[in-house]
Amino acid sequence: LTAAACLGSKEVFFIPPGQRDEVKKVRQGFSKHSDLMASVRAYDEFQEMIKDKGWSDARSWAFDNFISIAAMSSIHSVRSQLIKELHRIGLTHGGDLSRSSRGKNKQLRPDASVNDNVGSELFHRAVLLSGFPDNIAARRGLLR
């Protein structure tokens with residue numbers, strides 16, 4: 001869900017003038033092989049920071065890591081919409097959902113069955129590539 005929300009939201013990492021190399025290093029710290037996975041992991045870490053240390057520390061952490069607060073908010077919103085839609089059409093069950101710490105939005109519980117492969121970069125790559133025609137994925141070397 002987070003990957004889909006990242007694709008439908010603003011760019012996670014902002015690039016201040018003259019700091020392209022620094023941003024690249026930070027992004028690769030989240031994932032060396034995939035910008036999408038870097039975005040997913042940045043979002044997940046940002047959410048953990050909010051939960052563990054509060055908004056102020058999370059915001060400072062985001063700034064230090066060139067992460068856009070607007071993108072984090074957008075991803076959170078898109079993710080919530082996707083969860084509601086998945087529940088509406090019956091792909092998630094009430095037991096898989098819990099209220100977010102921020103109030104009215106429902107979130108997937110970490111132990112929800114749909115989260116079984118959430119940490120697998122290969123799984124994310126396979127899902128993403130399923131949307132590419134074979135010849136484009138092969139030419140780009142994405143099938144390896």
# chains A, B, ... in the order shown; residues from 1 in each chain; ligands from 1

call {"tool": "residues_around", "arguments": {"residues": "region 70-82 of chain A", "least_positions_apart": "5", "cutoff": "9 Å", "atoms": "only C-alpha atoms", "output": "PyMOL selection string"}}
result
chain A and resi 1-2+4-13+42-43+46-47+87+105-107

call {"tool": "closest_residue", "arguments": {"among": "A:Gln19, A:Ser113, A:Ser34, A:Thr92", "to": "Ala3 (chain A)", "atoms": "only C-alpha atoms"}}
result
A:Ser34

call {"tool": "atom_distance", "arguments": {"atom1": "CA of Asp57 (chain A)", "atom2": "CA of Lys32 (chain A)"}}
result
25.4 Å

call {"tool": "atom_distance", "arguments": {"atom1": "CA of Ala38 (chain A)", "atom2": "CA of Arg99 (chain A)"}}
result
26.0 Å

call {"tool": "residues_around", "arguments": {"residues": "Arg109 (chain A)", "least_positions_apart": "4", "cutoff": "7 Å", "atoms": "only C-alpha atoms", "output": "PDB file with N, CA and C atoms, in the first residue's frame"}}
result
ATOM      1  N   ASP A  96      -8.313  -6.748  10.343  1.00  0.00           N
ATOM      2  CA  ASP A  96      -7.009  -6.303   9.847  1.00  0.00           C
ATOM      3  C   ASP A  96      -6.784  -4.805  10.067  1.00  0.00           C
ATOM      4  N   LEU A  97      -7.838  -4.113  10.520  1.00  0.00           N
ATOM      5  CA  LEU A  97      -7.763  -2.662  10.636  1.00  0.00           C
ATOM      6  C   LEU A  97      -7.744  -2.214  12.086  1.00  0.00           C
ATOM      7  N   SER A  98      -7.083  -1.087  12.318  1.00  0.00           N
ATOM      8  CA  SER A  98      -7.103  -0.453  13.635  1.00  0.00           C
ATOM      9  C   SER A  98      -7.136   1.051  13.420  1.00  0.00           C
TER      10      SER A  98
END

call {"tool": "atom_distance", "arguments": {"atom1": "CA of Gly54 (chain A)", "atom2": "CA of Ile69 (chain A)"}}
result
14.0 Å

call {"tool": "residues_around", "arguments": {"residues": "Lys24 (chain A)", "least_positions_apart": "3", "cutoff": "10 Å", "atoms": "only C-alpha atoms", "output": "list in words"}}
result
Phe13, Ile15, Gln19, Arg20, Asp21, Arg27, Gln28, Gly29, Lys32, Asp35 and Phe66 of chain A

call {"tool": "residues_around", "arguments": {"residues": "Glu121 (chain A)", "least_positions_apart": "6", "cutoff": "10 Å", "atoms": "only C-alpha atoms", "output": "mmCIF file with N, CA and C atoms, in the first residue's frame"}}
result
data_model
loop_
_atom_site.group_PDB
_atom_site.id
_atom_site.type_symbol
_atom_site.label_atom_id
_atom_site.label_comp_id
_atom_site.auth_asym_id
_atom_site.auth_seq_id
_atom_site.Cartn_x
_atom_site.Cartn_y
_atom_site.Cartn_z
ATOM 1 N N SER A 31 17.607 2.591 0.460
ATOM 2 C CA SER A 31 17.649 1.477 -0.482
ATOM 3 C C SER A 31 18.655 1.791 -1.581
ATOM 4 N N HIS A 33 19.022 0.037 -4.335
ATOM 5 C CA HIS A 33 18.595 -0.428 -5.652
ATOM 6 C C HIS A 33 17.297 0.168 -6.175
ATOM 7 N N SER A 34 16.529 0.812 -5.307
ATOM 8 C CA SER A 34 15.201 1.231 -5.743
ATOM 9 C C SER A 34 14.791 2.548 -5.092
ATOM 10 N N LEU A 36 11.815 3.711 -5.299
ATOM 11 C CA LEU A 36 10.509 3.444 -4.711
ATOM 12 C C LEU A 36 10.660 2.845 -3.315
ATOM 13 N N MET A 37 11.552 1.854 -3.166
ATOM 14 C CA MET A 37 11.764 1.254 -1.847
ATOM 15 C C MET A 37 12.367 2.271 -0.878
ATOM 16 N N VAL A 127 5.747 -6.881 -8.040
ATOM 17 C CA VAL A 127 4.456 -6.212 -8.185
ATOM 18 C C VAL A 127 4.579 -5.022 -9.126
#
